[in-house]
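Next comes my_file39.cif, with mmCIF, C-alpha atoms.
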```cif
data_entry
loop_
_atom_site.label_atom_id
_atom_site.label_comp_id
_atom_site.auth_asym_id
_atom_site.auth_seq_id
_atom_site.Cartn_x
_atom_site.Cartn_y
_atom_site.Cartn_z
CA MET A 8 0.00 0.00 0.00
CA LYS A 9 2.82 2.41 0.92
CA ASN A 10 4.68 1.74 -2.34
CA SER A 11 1.55 2.31 -4.41
CA TYR A 12 1.00 5.59 -2.53
CA PHE A 13 4.51 6.81 -3.38
CA ILE A 14 4.25 5.70 -7.01
CA PHE A 15 0.85 7.38 -7.37
CA PHE A 16 2.07 10.72 -6.04
CA SER A 17 5.28 10.61 -8.06
CA LEU A 18 3.32 10.02 -11.26
CA PHE A 19 0.75 12.60 -10.20
CA LEU A 20 3.38 15.31 -9.66
CA ILE A 21 5.12 14.51 -12.96
CA GLN A 22 1.81 14.76 -14.81
CA ILE A 23 0.65 18.02 -13.20
CA TYR A 24 4.06 19.63 -13.56
CA SER A 25 4.06 19.01 -17.30
CA THR A 26 0.58 20.48 -17.77
CA ALA A 27 0.20 23.09 -15.04
CA PHE A 28 2.18 25.81 -16.77
CA ALA A 29 1.50 25.20 -20.42
CA GLY A 30 1.46 28.65 -21.98
CA THR A 31 2.99 30.37 -18.94
CA GLY A 32 6.42 31.91 -18.98
CA THR A 33 8.44 34.96 -18.06
CA GLY A 34 9.67 35.87 -21.52
CA THR A 35 7.84 37.20 -24.54
CA GLY A 36 4.39 35.97 -25.55
CA THR A 37 1.95 34.73 -22.94
CA GLY A 38 2.60 34.73 -19.21
CA THR A 39 3.41 38.43 -18.88
CA SER A 40 1.50 38.79 -15.57
CA SER A 41 3.37 39.90 -12.46
CA PHE A 42 4.58 37.48 -9.80
CA ASP A 43 1.74 38.43 -7.43
CA GLU A 44 -0.87 37.84 -10.12
CA GLN A 45 0.63 34.46 -11.05
CA ILE A 46 0.69 33.34 -7.40
CA LYS A 47 -2.95 34.37 -6.96
CA LYS A 48 -3.89 32.29 -10.00
CA ALA A 49 -2.12 29.18 -8.69
CA ASN A 50 -5.40 27.85 -7.30
CA THR A 51 -8.54 29.92 -7.60
CA SER A 52 -10.77 27.07 -6.38
CA LEU A 53 -9.02 26.93 -2.98
CA TYR A 54 -7.93 30.52 -2.36
CA ARG A 55 -9.55 33.90 -3.00
CA ASP A 56 -6.40 35.93 -2.35
CA ILE A 57 -2.81 35.60 -1.20
CA LYS A 58 -0.98 38.04 1.06
CA ILE A 59 2.82 38.03 0.98
CA SER A 60 5.18 39.36 3.65
CA LYS A 61 8.96 39.12 3.48
CA THR A 62 11.97 39.72 5.72
CA ASP A 63 15.65 39.00 5.18
CA LYS A 64 15.15 35.55 6.72
CA GLU A 65 11.80 34.34 5.42
CA ALA A 66 8.80 34.91 3.19
CA THR A 67 5.30 34.15 4.45
CA PHE A 68 2.28 33.54 2.26
CA GLU A 69 -1.15 33.83 3.85
CA LEU A 70 -3.47 31.89 1.56
CA LEU A 71 -6.98 33.26 2.17
CA LEU A 72 -9.51 30.48 1.77
CA LYS A 73 -12.39 30.94 -0.61
CA ILE A 74 -14.70 29.42 1.99
CA LYS A 75 -13.97 29.89 5.69
CA GLN A 76 -14.58 26.75 7.73
CA ASP A 77 -14.32 25.63 11.34
CA GLY A 78 -12.51 28.81 12.40
CA TYR A 79 -9.96 28.68 9.56
CA ASN A 80 -9.85 31.51 7.05
CA ALA A 81 -6.36 30.83 5.63
CA ASP A 82 -3.68 28.25 4.90
CA SER A 83 -0.03 29.27 4.92
CA ILE A 84 3.36 28.77 3.31
CA ARG A 85 6.62 29.75 4.96
CA VAL A 86 9.76 29.90 2.82
CA CYS A 87 13.05 30.12 4.70
CA LEU A 88 15.45 32.35 2.81
CA THR A 89 18.49 31.50 4.94
CA ASP A 90 19.94 28.04 5.40
CA GLN A 91 19.45 27.87 9.18
CA GLU A 92 16.06 29.55 9.57
CA CYS A 93 13.80 26.46 9.20
CA ARG A 94 16.30 23.94 10.50
CA GLU A 95 15.73 25.15 14.05
CA ASP A 96 12.01 24.34 13.92
CA GLY A 97 12.01 20.54 14.18
CA TRP A 98 10.92 19.70 10.63
CA GLU A 99 13.69 17.20 10.03
CA LEU A 100 12.60 13.59 9.44
CA ILE A 101 13.38 10.89 11.97
CA SER A 102 13.04 7.15 11.35
CA GLU A 103 11.31 4.84 13.77
CA ASN A 104 10.68 1.14 13.06
CA GLY A 105 11.33 1.72 9.36
CA GLN A 106 8.88 4.65 9.09
CA ASP A 107 9.63 8.36 8.74
CA TYR A 108 8.09 11.03 10.98
CA PHE A 109 8.56 14.77 11.38
CA ASN A 110 10.63 15.58 14.45
CA THR A 111 7.62 17.26 16.03
CA PRO A 112 4.67 15.62 17.84
CA ASN A 113 1.17 14.72 16.65
CA TYR A 114 1.92 13.91 13.00
CA SER A 115 1.13 10.77 11.04
CA GLU A 116 3.79 8.83 9.20
CA ALA A 117 5.45 11.07 6.60
CA ARG A 118 5.03 10.24 2.90
CA ASN A 119 8.17 11.02 0.92
CA PHE A 120 8.37 11.66 -2.81
CA ASN A 121 10.58 13.43 -5.32
CA HIS A 122 9.59 16.54 -7.26
CA HIS A 123 12.11 17.40 -9.99
CA GLY A 124 15.08 16.39 -7.88
CA ASN A 125 13.71 17.90 -4.67
CA ASN A 126 12.65 15.70 -1.77
CA ILE A 127 9.22 16.55 -0.40
CA SER A 128 7.46 15.05 2.62
CA SER A 129 3.83 15.27 3.67
CA ALA A 130 2.02 14.20 6.82
CA PHE A 131 -1.41 14.56 8.37
CA ASN A 132 -1.84 16.14 11.78
CA LEU A 133 -4.74 16.85 14.09
CA CYS A 134 -5.36 20.58 14.51
CA GLN A 135 -7.62 22.89 16.46
CA ILE A 136 -11.03 23.88 15.19
CA SER A 137 -13.72 26.09 16.69
CA ASN A 138 -17.49 25.98 16.43
CA SER A 139 -20.02 28.81 16.18
CA MET A 140 -20.01 29.16 19.97
CA GLY A 141 -16.24 29.65 20.05
CA GLU A 142 -15.53 26.26 21.61
CA VAL A 143 -12.14 24.88 20.58
CA SER A 144 -11.16 21.22 20.15
CA MET A 145 -8.42 19.16 18.49
CA ALA A 146 -10.94 17.77 16.00
CA GLY A 147 -9.54 19.18 12.77
CA GLN A 148 -7.55 17.36 10.10
CA CYS A 149 -4.62 19.31 8.66
CA LEU A 150 -1.93 18.50 6.12
CA THR A 151 1.66 19.70 6.25
CA ILE A 152 3.97 19.54 3.23
CA VAL A 153 7.66 20.24 3.80
CA GLY A 154 10.28 20.41 1.07
CA GLU A 155 13.45 22.02 -0.11
CA LYS A 156 14.28 23.76 -3.37
CA SER A 157 17.64 25.37 -4.10
CA ASN A 158 18.61 24.86 -0.44
CA LYS A 159 15.60 26.87 0.74
CA LYS A 160 13.05 25.02 2.82
CA PHE A 161 9.30 25.61 2.58
CA ILE A 162 6.53 24.55 4.95
CA TYR A 163 2.93 24.46 3.70
CA SER A 164 0.11 24.03 6.22
CA SER A 165 -3.45 23.41 5.08
CA TYR A 166 -6.74 22.69 6.82
CA LEU A 167 -8.61 19.80 5.19
CA GLY A 168 -11.74 19.36 7.30
CA ARG A 169 -13.04 17.66 10.41
CA ALA A 170 -10.98 14.65 11.49
CA SER A 171 -14.14 12.63 12.11
CA LYS A 172 -14.76 12.64 8.36
CA CYS A 173 -12.28 9.82 7.82
CA ARG A 174 -8.94 8.36 8.93
CA PRO A 175 -5.76 10.15 7.75
CA ASP A 176 -4.58 7.09 5.82
CA SER A 177 -7.95 6.55 4.15
CA LYS A 178 -8.63 7.19 0.48
CA CYS A 179 -11.35 9.70 1.35
CA TRP A 180 -8.71 12.43 1.94
CA LYS A 181 -7.11 11.66 -1.44
CA LYS A 182 -8.84 14.41 -3.49
CA TYR A 183 -8.05 17.03 -0.82
CA VAL A 184 -4.38 16.06 -0.84
CA GLU A 185 -4.22 15.99 -4.66
CA LYS A 186 -5.59 19.53 -4.86
CA ARG A 187 -2.97 20.82 -2.43
CA LEU A 188 -0.12 18.97 -4.16
CA LEU A 189 -1.22 20.57 -7.42
CA PHE A 190 -1.16 23.98 -5.75
CA ILE A 191 2.34 23.38 -4.32
CA SER A 192 3.60 22.26 -7.73
CA LYS A 193 2.31 25.47 -9.30
CA PHE A 194 3.58 27.57 -6.42
CA LEU A 195 7.11 26.18 -6.74
CA GLU A 196 7.16 26.85 -10.47
CA VAL A 197 5.75 30.38 -10.27
CA SER A 198 7.96 31.44 -7.36
CA LYS A 199 11.24 29.89 -8.47
CA GLU A 200 12.79 33.14 -9.78
CA GLU A 201 11.50 35.25 -6.89
CA PHE A 202 12.30 32.98 -3.94
CA PHE A 203 14.17 29.82 -5.03
CA GLN A 204 17.28 31.07 -6.82
#
```
Final structure tokens representation of the file:
Amino acid sequence: MKNSYFIFFSLFLIQIYSTAFAGTGTGTGTGTSSFDEQIKKANTSLYRDIKISKTDKEATFELLLKIKQDGYNADSIRVCLTDQECREDGWELISENGQDYFNTPNYSEARNFNHHGNNISSAFNLCQISNSMGEVSMAGQCLTIVGEKSNKKFIYSSYLGRASKCRPDSKCWKKYVEKRLLFISKFLEVSKEEFFQ
């Protein structure tokens, strides 16, 4: 099952990478939109807008959800612009009984795959949600994708839905994960000149 999961996502990323940016470029012809406009178009079904803030050490992308749910109005991406910035945050993988996990608590087994020579890992984690009365519980299902491109690490955190909907390793989360992997693939391509040189 694990091998089929890895093979599926490897083939999936290869396929979406080859089609996601057909007709988009930075030279003459099509694709003359600014970086901000290209980022905002990376996934219009998930996000209504993207706010970018940048320091010398990191860039942060607040991905404003099209539909607010369970107290979440945004996902996020953090790109570390210096070599040490993300390495202090416990996102390194550790192996335990032949399985990889993030070196931080409350995450499922990490799934590792390769995206154009860059190693990327994803894992599910329980996260806080709130109801209409403001009551908070650890009943949310989130997804974290961590990777490295040109020696710069990125961390993508996304809210998927209520954890009671299905188990993290179940196929019912598959379409949610696929949509976010497609977004990350587009994000990496669009932002490579701006952030991943």
Ile136 of chain A environment, 10 Å, only C-alpha atoms, sequence neighbours closer than 4 positions dropped, as a PyMOL selection string: chain A and resi 76-79+141-148+166+168-170
Would you mind listing what lies within 9 Å of Leu100 of chain A as an NGL selection string, with all atoms listed in the file counted and same-chain residues fewer than 4 positions away left out? :A and (107-110 or 117 or 128)
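Here, the PyMOL selection byres ((chain A and resi 159) around 7) matches A:Val86, A:Cys87, A:Leu88, A:Thr89, A:Asp90, A:Glu155, A:Lys156, A:Ser157, A:Asn158, A:Lys160, A:Phe161, A:Phe203.
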Expand the PyMOL selection byres ((chain A and resi 51-68) around 6) into the explicit residue set it covers here, and present it as an mmCIF file with C-alpha atoms, in the coordinates of the input.
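Result file result.cif:
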```
data_model
loop_
_atom_site.group_PDB
_atom_site.id
_atom_site.type_symbol
_atom_site.label_atom_id
_atom_site.label_comp_id
_atom_site.auth_asym_id
_atom_site.auth_seq_id
_atom_site.Cartn_x
_atom_site.Cartn_y
_atom_site.Cartn_z
ATOM 1 C CA LYS A 47 -2.950 34.370 -6.960
ATOM 2 C CA LYS A 48 -3.890 32.290 -10.000
ATOM 3 C CA ASN A 50 -5.400 27.850 -7.300
ATOM 4 C CA GLU A 69 -1.150 33.830 3.850
ATOM 5 C CA LEU A 70 -3.470 31.890 1.560
ATOM 6 C CA LEU A 71 -6.980 33.260 2.170
ATOM 7 C CA LEU A 72 -9.510 30.480 1.770
ATOM 8 C CA LYS A 73 -12.390 30.940 -0.610
ATOM 9 C CA SER A 83 -0.030 29.270 4.920
ATOM 10 C CA ILE A 84 3.360 28.770 3.310
ATOM 11 C CA ARG A 85 6.620 29.750 4.960
ATOM 12 C CA VAL A 86 9.760 29.900 2.820
ATOM 13 C CA CYS A 87 13.050 30.120 4.700
ATOM 14 C CA LEU A 88 15.450 32.350 2.810
ATOM 15 C CA THR A 89 18.490 31.500 4.940
#
```
Close residues, Arg187 of chain A itself excluded, 9 Å, all atoms listed in the file, min 2 positions apart in chain, as a ChimeraX atom specification: /A:50,53,150,165,182-185,189-192
Give me, as JSON, numbers by chain, all polymer residues having an atom no more than 10 Å from Asn113 of chain A, counting all atoms listed in the file and skipping those fewer than 6 positions away in the same chain. {"A": [130, 131, 132, 133, 134]}
For atom CA of Ser164 of chain A and atom CA of Ser115 of chain A, quote the distance in Å rounded to one decimal. 14.1 Å
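Using all atoms listed in the file for every distance, the candidate list A:Gln106, A:Ser139, A:Thr111, A:Ser129 yields A:Ser129 as the residue closest to Leu188 of chain A.
Atom CA of Gly154 of chain A is found 9.2 Å from atom CA of His122 of chain A.
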Compare A:Leu195, A:Leu167, A:Ile152, A:Met140 by their minimum atom-to-atom distance to His123 of chain A, counting all atoms listed in the file, and give me the closest one. A:Leu195
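For the pair atom CA of Cys173 of chain A and atom CA of Cys149 of chain A, the separation is 12.2 Å.
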So, counting only C-alpha atoms, which residue among A:Lys178, A:Val153, A:Val197, A:Asp82 is closest to Glu99 of chain A? A:Val153
As an mmCIF file, in the coordinates of the input, could you write out segment 58-71 of chain A once it has been completed with N, CA, C and O atoms?
```cif
data_model
loop_
_atom_site.group_PDB
_atom_site.id
_atom_site.type_symbol
_atom_site.label_atom_id
_atom_site.label_comp_id
_atom_site.auth_asym_id
_atom_site.auth_seq_id
_atom_site.Cartn_x
_atom_site.Cartn_y
_atom_site.Cartn_z
ATOM 1 N N LYS A 58 -1.729 36.911 0.528
ATOM 2 C CA LYS A 58 -0.980 38.040 1.060
ATOM 3 C C LYS A 58 0.448 37.586 1.317
ATOM 4 O O LYS A 58 0.675 36.535 1.910
ATOM 5 N N ILE A 59 1.408 38.393 0.873
ATOM 6 C CA ILE A 59 2.820 38.030 0.980
ATOM 7 C C ILE A 59 3.536 39.021 1.889
ATOM 8 O O ILE A 59 3.389 40.239 1.731
ATOM 9 N N SER A 60 4.302 38.507 2.847
ATOM 10 C CA SER A 60 5.180 39.360 3.650
ATOM 11 C C SER A 60 6.577 38.740 3.616
ATOM 12 O O SER A 60 6.719 37.523 3.539
ATOM 13 N N LYS A 61 7.593 39.610 3.665
ATOM 14 C CA LYS A 61 8.960 39.120 3.480
ATOM 15 C C LYS A 61 9.923 39.877 4.374
ATOM 16 O O LYS A 61 9.833 41.095 4.522
ATOM 17 N N THR A 62 10.851 39.131 4.991
ATOM 18 C CA THR A 62 11.970 39.720 5.720
ATOM 19 C C THR A 62 13.242 39.183 5.093
ATOM 20 O O THR A 62 13.195 38.440 4.108
ATOM 21 N N ASP A 63 14.384 39.527 5.685
ATOM 22 C CA ASP A 63 15.650 39.000 5.180
ATOM 23 C C ASP A 63 15.759 37.495 5.378
ATOM 24 O O ASP A 63 16.485 36.822 4.656
ATOM 25 N N LYS A 64 15.017 36.964 6.366
ATOM 26 C CA LYS A 64 15.150 35.550 6.720
ATOM 27 C C LYS A 64 14.075 34.661 6.125
ATOM 28 O O LYS A 64 14.311 33.483 5.895
ATOM 29 N N GLU A 65 12.871 35.200 5.897
ATOM 30 C CA GLU A 65 11.800 34.340 5.420
ATOM 31 C C GLU A 65 10.723 35.115 4.666
ATOM 32 O O GLU A 65 10.602 36.331 4.808
ATOM 33 N N ALA A 66 9.980 34.369 3.870
ATOM 34 C CA ALA A 66 8.800 34.910 3.190
ATOM 35 C C ALA A 66 7.604 34.110 3.677
ATOM 36 O O ALA A 66 7.674 32.884 3.813
ATOM 37 N N THR A 67 6.514 34.792 3.962
ATOM 38 C CA THR A 67 5.300 34.150 4.450
ATOM 39 C C THR A 67 4.154 34.448 3.512
ATOM 40 O O THR A 67 3.944 35.604 3.123
ATOM 41 N N PHE A 68 3.435 33.403 3.135
ATOM 42 C CA PHE A 68 2.280 33.540 2.260
ATOM 43 C C PHE A 68 1.039 33.155 3.049
ATOM 44 O O PHE A 68 0.920 32.026 3.515
ATOM 45 N N GLU A 69 0.133 34.108 3.228
ATOM 46 C CA GLU A 69 -1.150 33.830 3.850
ATOM 47 C C GLU A 69 -2.145 33.566 2.733
ATOM 48 O O GLU A 69 -2.450 34.452 1.932
ATOM 49 N N LEU A 70 -2.608 32.332 2.649
ATOM 50 C CA LEU A 70 -3.470 31.890 1.560
ATOM 51 C C LEU A 70 -4.922 31.964 2.040
ATOM 52 O O LEU A 70 -5.396 31.093 2.768
ATOM 53 N N LEU A 71 -5.623 33.025 1.669
ATOM 54 C CA LEU A 71 -6.980 33.260 2.170
ATOM 55 C C LEU A 71 -7.958 32.323 1.487
ATOM 56 O O LEU A 71 -8.106 32.336 0.263
#
```
